[in-house]
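K.L.:
Pasting in a structure now, in structure tokens, and then I'll have a few things to ask.
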Amino acid sequence: MTESIERPAGATSTSATDHSSAAAPDRHISGVEIQLRDVVKKYPGQKSAAVESLSLTVPAGEVVMFIGPSGCGKTTSLKMINRLIEPTSGTITIGGEDVRGRDADELRRTIGYVIQGGSLFPHLTVADNIAVVPKLLKWSKQRTADRVEELLDLVGLEPGRYRDRYPRELSGGQQQRVGVARGLAADPPVVLMDEPFGAVDPITRQRLQDEMLGIQRELGKTIVCVTHDIDEAIKLGDRILILSEGAHVEQYDTPENVLAAPANDFVADFVGAGSTLKQLSLSRVDELQMLPWTTARVGDDAAEAVRRAEAAGHDCIVVLDARNRPIAWPWLRNLRRGGSIDIARRDELITLDQRATLNDALDTMLSSSHAGAIVTDSRDTYVGVVDFESVTTHIRSQEASAKEAQQARADGAVS
Amino acid sequence: MGEFIAERRQQIAYDMLQHANLVFQCVLVATLVAVLLAVLINRFRALEPIANAVSAIGLTLPAFALVGLLLPLTSLGTVTAFTCVVFYAVLPVLRNAVVGLAGVDPTLLESARGMGMSPVGVLLKVQLPLAWPVILAGVRTSMQMSMGIAAIAAYVLGPGLGSYIWRGLTQTGGANALNYALVGTIGIIAVALVADLLLLVLGRLTISKGVRVA
């Protein structure tokens, strides 16, 4: 078992706009710190180094996103952590231990590794794919099987249905989920990800990102993730490392600070236009004021539910199943027939994870006929409803507090 | 013809088994040799042109000529026949094994290494299982080809049905010449069909459902 450490207060920026998951004080952390010191990678026959002297500390339990133009050395830097690439000089420590102090194969079994598309072995079943590292670690059959079950649950794939399938029988998103499960199989304190969601369509990617945030919230691993997508970096990262050629650090900071105060023109260019819009992906749905909505359970009396909704001024009702998961959002006119509420699970009901960004929330609301969205937690249970007004209210209050902070700084400068 | 076979029923059955036995053993040895070579070639890519040249020349070399070349070294009998058949049997398997191993997605290999599999583990658990369908296709070609080569190798008193064909040829015009040639030929085809069926079954049993075609 890895020790659970409480995150020290003020580990990240405490500015008014800081709402990253890192700020939550009650999170449990199972990750350990990664340190790179003066790490250099030179390939023979090349004039300039692929990585010239990279020094970096990745705090325990944080997600750090490596981003930069292609060829900047971000993937090389990542692969030096698990020694898929050996550094020319410099030291890398994980949890204070030099990675060169142990056998490379043994080291890698203690580091999760997730790459684009999941990179599952096509000749192995889902269960066998996930069991690769546990088998290398010589876990017992029972322990491995239990762990596979647990992980499939964690990534939202029903074990009974998916355990014995082969990768080609899965969708891209499902393959990627199995890839994440495989990376977490032996409960490694550190997980390395190389463009994990690069190979799936945008909607699936958004879903997978939300799930990853949910999983990370539960597990508190130290995650280093390479991406080329600045929006993904902003959404997933507790910190973002922006690199230019030669793995030169342009800025290493929280997404909030990178957006609000780019260190230089390179970063500003990289972050690109519309940084105000991008701020939308920094706030999460659970920061919004949830609207209390009329809910009813399957089997409840429809007429009674309609009365309650009318009293509250609602024109529709959220129907929950026995485990409190929303299954439908019918209009009152569809319930006036009376009797008991009898609605089967509808796949088209799109819910919003409470860790989703406001960006995703707006997106969901725009495509919903209800002009709102049902919010659920990581277990798919019902939390509340948000609408456009909750988003604008939140943004206004944020703007106000940002102005206040700016004003305070200006006052401070004057006096 | 019916009488010819009836008189020699036991002998023919025995020779068919001998023929199958020779070919099976040769193909087995050839497969092991070819896969081993292919693994080396896959590791040291510089070897690939050499291997291609050798197999190209090898396939143009008439089997009859090889038998003649081997004769001074290994003398008459089973050893010469065996060596000759193995030589030809290696070539198709080698070619397919090289292609099969090279066809394994490099990102899979990297992800295997990244999870802490040893190089041998990667070979046995990832590369070979994924290349196996292609290798097995090579084995089937090799098996078919070896059936014919083994008949030629009977010229140096190797075992099997080849001797029937040779006797048919040397006795041309004689009473049973045609019968000998036909029994030899049809017998070999029958053995070849059964062998191919067995390889199909082997494929069914050993190729993972996750990579099987259809």
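We name chains A, B, ... following the order of the structure tokens; residues begin at 1 in each chain, and ligands are numbered from 1 as shown.
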Mind running chain A against chain B at 8 Å and telling me each contacting residue's nearest atom pair with the distance in Å (one decimal), counting only C-alpha atoms, chain and number ascending, as a Markdown table?
P.N.:
```
| residue | atom | partner | partner_atom | distance |
| --- | --- | --- | --- | --- |
| A:Asn82 | CA | B:Gly114 | CA | 7.1 |
| A:Leu84 | CA | B:Gly114 | CA | 6.5 |
| A:Ala104 | CA | B:Gly116 | CA | 7.4 |
| A:Asp105 | CA | B:Gly116 | CA | 4.2 |
| A:Glu106 | CA | B:Gly116 | CA | 6.1 |
| A:Leu107 | CA | B:Gly116 | CA | 7.2 |
| A:Arg108 | CA | B:Gly116 | CA | 4.6 |
| A:Arg109 | CA | B:Gly116 | CA | 4.8 |
| A:Ile111 | CA | B:Met115 | CA | 7.5 |
| A:Gly112 | CA | B:Met115 | CA | 7.0 |
| A:Tyr113 | CA | B:Gly114 | CA | 6.2 |
| A:Val114 | CA | B:Ser111 | CA | 7.8 |
| A:Ile115 | CA | B:Ser111 | CA | 7.3 |
| A:Ser119 | CA | B:Leu108 | CA | 5.9 |
| A:Leu120 | CA | B:Leu108 | CA | 7.2 |
| A:Phe121 | CA | B:Leu108 | CA | 6.8 |
| A:Pro122 | CA | B:Gly210 | CA | 5.5 |
| A:His123 | CA | B:Gly210 | CA | 4.6 |
| A:Leu124 | CA | B:Gly210 | CA | 6.6 |
| A:Thr125 | CA | B:Gly210 | CA | 7.3 |
| A:Val132 | CA | B:Met115 | CA | 7.9 |
| A:Val133 | CA | B:Met115 | CA | 6.4 |
| A:Leu136 | CA | B:Met117 | CA | 7.2 |
| A:Tyr166 | CA | B:Gly210 | CA | 5.2 |
| A:Pro167 | CA | B:Gly210 | CA | 7.0 |
| A:Arg168 | CA | B:Gly210 | CA | 6.8 |
```
K.L.:
Go ahead and save the residues from that selection, with C-alpha atoms, as a PDB file, in the first residue's frame.
P.N.:
```pdb
ATOM      1  CA  ASN A  82      10.645   5.093 -17.431  1.00  0.00           C
ATOM      2  CA  LEU A  84      12.521   3.729 -22.576  1.00  0.00           C
ATOM      3  CA  ALA A 104      14.855  -1.101 -16.189  1.00  0.00           C
ATOM      4  CA  ASP A 105      12.233  -3.849 -16.581  1.00  0.00           C
ATOM      5  CA  GLU A 106      11.497  -3.943 -12.852  1.00  0.00           C
ATOM      6  CA  LEU A 107      11.319  -0.151 -12.753  1.00  0.00           C
ATOM      7  CA  ARG A 108       8.798  -0.058 -15.584  1.00  0.00           C
ATOM      8  CA  ARG A 109       6.531  -2.536 -13.836  1.00  0.00           C
ATOM      9  CA  ILE A 111       5.222   2.883 -13.550  1.00  0.00           C
ATOM     10  CA  GLY A 112       1.956   2.984 -15.443  1.00  0.00           C
ATOM     11  CA  TYR A 113       2.325   3.555 -19.169  1.00  0.00           C
ATOM     12  CA  VAL A 114      -0.588   4.543 -21.370  1.00  0.00           C
ATOM     13  CA  ILE A 115      -0.140   5.452 -25.017  1.00  0.00           C
ATOM     14  CA  SER A 119      -2.122   0.171 -27.834  1.00  0.00           C
ATOM     15  CA  LEU A 120      -3.774  -3.028 -26.659  1.00  0.00           C
ATOM     16  CA  PHE A 121      -2.375  -6.386 -27.682  1.00  0.00           C
ATOM     17  CA  PRO A 122      -4.838  -7.584 -30.321  1.00  0.00           C
ATOM     18  CA  HIS A 123      -4.266 -11.274 -29.590  1.00  0.00           C
ATOM     19  CA  LEU A 124      -5.134 -10.955 -25.907  1.00  0.00           C
ATOM     20  CA  THR A 125      -8.546 -10.504 -24.333  1.00  0.00           C
ATOM     21  CA  VAL A 132      -0.004  -8.001 -18.293  1.00  0.00           C
ATOM     22  CA  VAL A 133       1.815  -6.183 -15.500  1.00  0.00           C
ATOM     23  CA  LEU A 136       4.913  -9.905 -14.737  1.00  0.00           C
ATOM     24  CA  TYR A 166     -10.785  -8.923 -27.891  1.00  0.00           C
ATOM     25  CA  PRO A 167      -9.611  -5.366 -28.615  1.00  0.00           C
ATOM     26  CA  ARG A 168     -10.995  -5.400 -32.144  1.00  0.00           C
TER      27      ARG A 168
END
```
K.L.:
Find the residues around Gln11 (chain B) up to 12 Å (only C-alpha atoms counted), leave out those fewer than 3 positions away in its own chain, and share them as a list in words.
P.N.:
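Neighbouring residues, sequence-local ones excluded: Phe4, Ile5, Ala6, Glu7, Arg8, Tyr14, Asp15, Met16, Leu17, Gln18, Gly160, Leu161, Ser163, Tyr164, Val183 and Gly184 of chain B.
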K.L.:
Skip region 33-45 of chain B itself and residues of its chain fewer than 5 positions away, then list as number ranges by chain all residues within 9 Å of it, counting only C-alpha atoms.
P.N.:
B: 28, 51, 89-99, 101-102, 123, 128, 135
K.L.:
With distances taken over only C-alpha atoms, which of A:Ser30, A:Leu288, A:Ile327, A:Leu320 is nearest to Ser397 (chain A)?
P.N.:
A:Leu288
K.L.:
Please, which residues of region 73-225 of chain A, numbered as in this document, come out strand (DSSP E or B) from DSSP, as a count of residues only?
P.N.:
22
K.L.:
Residues of region 99-196 of chain A within 12 Å of region 52-74 of chain A: nearest atom pair and distance (Å, one decimal) for each, counting only C-alpha atoms, sorted by chain and number, as JSON lines?
P.N.:
```
{"residue": "A:Pro188", "atom": "CA", "partner": "A:Gly61", "partner_atom": "CA", "distance": 11.7}
{"residue": "A:Pro189", "atom": "CA", "partner": "A:Gly61", "partner_atom": "CA", "distance": 8.4}
{"residue": "A:Val190", "atom": "CA", "partner": "A:Gly61", "partner_atom": "CA", "distance": 8.5}
{"residue": "A:Val191", "atom": "CA", "partner": "A:Val63", "partner_atom": "CA", "distance": 9.4}
{"residue": "A:Leu192", "atom": "CA", "partner": "A:Val64", "partner_atom": "CA", "distance": 9.9}
{"residue": "A:Met193", "atom": "CA", "partner": "A:Met65", "partner_atom": "CA", "distance": 9.3}
{"residue": "A:Asp194", "atom": "CA", "partner": "A:Phe66", "partner_atom": "CA", "distance": 9.4}
{"residue": "A:Glu195", "atom": "CA", "partner": "A:Phe66", "partner_atom": "CA", "distance": 9.8}
{"residue": "A:Pro196", "atom": "CA", "partner": "A:Met65", "partner_atom": "CA", "distance": 11.5}
```
K.L.:
Excluding Gly90 (chain A) and residues on its chain fewer than 5 positions from it, collect all residues at most 12 Å away from it, counting only C-alpha atoms, and give them as number ranges by chain.
P.N.:
A: 35-42, 51-56, 77, 80-81, 98-100
K.L.:
My list of candidates is A:Ile317, A:Val200, A:Ile341, A:Ala185. Which is closest to Gly172 (chain A) when distances are computed with only C-alpha atoms?
P.N.:
A:Val200
K.L.:
Set the distance at 9 Å and use only C-alpha atoms: which residues neighbour Val178 (chain A) once local chain neighbours fewer than 6 positions away are removed? I'd like the list as a ChimeraX atom specification.
P.N.:
/A:118,120,126-127,129-130,151-152,155,157,167
K.L.:
Please list as a ChimeraX atom specification every residue within 8 Å of Thr351 (chain A), counting only C-alpha atoms and excluding residues in the same chain fewer than 3 positions away.
P.N.:
/A:373-376
K.L.:
Could you go through region 6-179 of chain B and tell me which residues DSSP, when run on the backbone, assigns to alpha helix (DSSP H), listing them as a VMD selection string?
P.N.:
chain B and resid 6 to 7 9 to 43 47 to 60 63 to 74 78 to 102 106 to 114 119 to 122 128 to 153 162 to 170 177 to 179
K.L.:
Just the selected residues (C-alpha atoms), exported as a tab-separated table (two decimals), in the first residue's frame, please.
P.N.:
```
chain	number	residue	atom	x	y	z
B	6	ALA	CA	-4.83	-54.56	-53.78
B	7	GLU	CA	-1.65	-56.61	-54.12
B	9	ARG	CA	-2.02	-52.42	-50.11
B	10	GLN	CA	0.13	-52.71	-47.03
B	11	GLN	CA	3.29	-51.52	-48.75
B	12	ILE	CA	1.52	-48.46	-50.20
B	13	ALA	CA	0.00	-47.53	-46.86
B	14	TYR	CA	3.40	-47.90	-45.23
B	15	ASP	CA	5.06	-45.70	-47.86
B	16	MET	CA	2.39	-43.05	-47.54
B	17	LEU	CA	3.03	-42.92	-43.81
B	18	GLN	CA	6.77	-42.79	-44.46
B	19	HIS	CA	6.27	-39.95	-46.91
B	20	ALA	CA	4.10	-38.00	-44.45
B	21	ASN	CA	6.53	-38.75	-41.65
B	22	LEU	CA	9.51	-37.45	-43.61
B	23	VAL	CA	7.72	-34.28	-44.64
B	24	PHE	CA	6.31	-33.58	-41.16
B	25	GLN	CA	9.69	-33.94	-39.54
B	26	CYS	CA	11.39	-31.83	-42.18
B	27	VAL	CA	8.81	-29.06	-41.97
B	28	LEU	CA	8.97	-29.08	-38.18
B	29	VAL	CA	12.75	-28.72	-38.20
B	30	ALA	CA	12.55	-26.16	-41.01
B	31	THR	CA	9.98	-24.08	-39.10
B	32	LEU	CA	12.14	-23.98	-36.00
B	33	VAL	CA	15.20	-23.02	-38.04
B	34	ALA	CA	13.29	-20.43	-40.07
B	35	VAL	CA	11.69	-18.75	-37.05
B	36	LEU	CA	15.03	-18.62	-35.29
B	37	LEU	CA	16.64	-17.06	-38.36
B	38	ALA	CA	13.75	-14.63	-38.76
B	39	VAL	CA	14.11	-13.50	-35.14
B	40	LEU	CA	17.80	-12.82	-35.78
B	41	ILE	CA	17.02	-10.98	-39.01
B	42	ASN	CA	14.35	-8.96	-37.24
B	43	ARG	CA	16.87	-7.94	-34.61
B	47	LEU	CA	20.83	-9.38	-42.44
B	48	GLU	CA	17.60	-9.00	-44.36
B	49	PRO	CA	19.05	-8.41	-47.88
B	50	ILE	CA	21.37	-11.38	-47.37
B	51	ALA	CA	18.46	-13.59	-46.33
B	52	ASN	CA	16.41	-12.40	-49.29
B	53	ALA	CA	19.24	-13.16	-51.70
B	54	VAL	CA	19.82	-16.61	-50.23
B	55	SER	CA	16.16	-17.54	-50.39
B	56	ALA	CA	15.81	-16.17	-53.93
B	57	ILE	CA	18.78	-18.21	-55.14
B	58	GLY	CA	17.67	-21.18	-53.08
B	59	LEU	CA	14.27	-21.28	-54.74
B	60	THR	CA	15.76	-21.16	-58.24
B	63	ALA	CA	15.81	-29.81	-56.22
B	64	PHE	CA	17.37	-32.44	-58.41
B	65	ALA	CA	20.59	-30.44	-58.57
B	66	LEU	CA	20.69	-30.05	-54.81
B	67	VAL	CA	20.29	-33.78	-54.38
B	68	GLY	CA	23.26	-34.25	-56.68
B	69	LEU	CA	25.31	-31.69	-54.75
B	70	LEU	CA	24.50	-33.28	-51.41
B	71	LEU	CA	25.21	-36.82	-52.51
B	72	PRO	CA	29.02	-36.73	-52.07
B	73	LEU	CA	28.57	-35.22	-48.62
B	74	THR	CA	25.82	-37.32	-47.14
B	78	THR	CA	17.52	-40.81	-45.64
B	79	VAL	CA	20.03	-38.18	-44.49
B	80	THR	CA	20.39	-36.72	-47.97
B	81	ALA	CA	16.65	-36.76	-48.51
B	82	PHE	CA	16.06	-35.12	-45.13
B	83	THR	CA	18.65	-32.38	-45.66
B	84	CYS	CA	17.34	-31.60	-49.10
B	85	VAL	CA	13.70	-31.32	-48.00
B	86	VAL	CA	14.61	-29.21	-44.96
B	87	PHE	CA	16.60	-26.82	-47.15
B	88	TYR	CA	13.60	-26.09	-49.35
B	89	ALA	CA	11.11	-26.18	-46.49
B	90	VAL	CA	12.96	-23.42	-44.66
B	91	LEU	CA	12.59	-20.87	-47.45
B	92	PRO	CA	8.84	-20.10	-47.48
B	93	VAL	CA	8.62	-20.17	-43.69
B	94	LEU	CA	11.61	-17.86	-43.40
B	95	ARG	CA	10.17	-15.37	-45.85
B	96	ASN	CA	6.80	-15.30	-44.09
B	97	ALA	CA	8.33	-15.19	-40.63
B	98	VAL	CA	10.45	-12.17	-41.56
B	99	VAL	CA	7.42	-10.40	-43.02
B	100	GLY	CA	5.23	-11.43	-40.07
B	101	LEU	CA	7.66	-10.21	-37.42
B	102	ALA	CA	8.29	-6.95	-39.29
B	106	PRO	CA	6.24	-1.03	-33.27
B	107	THR	CA	4.06	0.88	-30.81
B	108	LEU	CA	2.89	-2.47	-29.42
B	109	LEU	CA	6.48	-3.47	-28.84
B	110	GLU	CA	7.22	-0.18	-27.17
B	111	SER	CA	4.18	-0.42	-24.98
B	112	ALA	CA	5.22	-3.97	-24.01
B	113	ARG	CA	8.70	-2.74	-23.10
B	114	GLY	CA	7.16	0.25	-21.33
B	119	PRO	CA	13.05	-8.62	-24.58
B	120	VAL	CA	12.48	-12.38	-24.52
B	121	GLY	CA	9.03	-11.84	-23.03
B	122	VAL	CA	8.17	-9.39	-25.79
B	128	LEU	CA	5.52	-14.42	-32.19
B	129	PRO	CA	1.80	-14.72	-31.35
B	130	LEU	CA	1.06	-11.76	-33.61
B	131	ALA	CA	3.26	-13.02	-36.43
B	132	TRP	CA	1.99	-16.60	-36.03
B	133	PRO	CA	-0.85	-16.45	-38.61
B	134	VAL	CA	1.62	-15.29	-41.27
B	135	ILE	CA	4.23	-17.82	-40.20
B	136	LEU	CA	1.65	-20.59	-40.31
B	137	ALA	CA	0.66	-19.61	-43.85
B	138	GLY	CA	4.33	-20.04	-44.74
B	139	VAL	CA	4.32	-23.45	-43.07
B	140	ARG	CA	1.38	-24.51	-45.25
B	141	THR	CA	3.19	-23.46	-48.42
B	142	SER	CA	6.29	-25.20	-47.17
B	143	MET	CA	4.37	-28.39	-46.41
B	144	GLN	CA	2.87	-28.53	-49.92
B	145	MET	CA	6.20	-27.87	-51.55
B	146	SER	CA	7.98	-30.42	-49.40
B	147	MET	CA	5.58	-33.15	-50.52
B	148	GLY	CA	6.96	-32.79	-54.04
B	149	ILE	CA	10.57	-32.28	-53.00
B	150	ALA	CA	10.40	-35.41	-50.88
B	151	ALA	CA	9.37	-37.36	-54.00
B	152	ILE	CA	12.46	-36.15	-55.83
B	153	ALA	CA	14.61	-36.92	-52.82
B	162	GLY	CA	8.76	-40.94	-54.51
B	163	SER	CA	10.19	-44.40	-55.18
B	164	TYR	CA	6.92	-45.35	-56.96
B	165	ILE	CA	7.31	-42.47	-59.36
B	166	TRP	CA	10.94	-43.27	-60.03
B	167	ARG	CA	10.11	-46.90	-60.69
B	168	GLY	CA	7.34	-45.84	-63.04
B	169	LEU	CA	9.82	-43.64	-64.92
B	170	THR	CA	12.57	-46.22	-65.19
B	177	ALA	CA	4.92	-48.43	-65.17
B	178	LEU	CA	1.79	-46.30	-65.34
B	179	ASN	CA	0.37	-47.86	-62.20
```
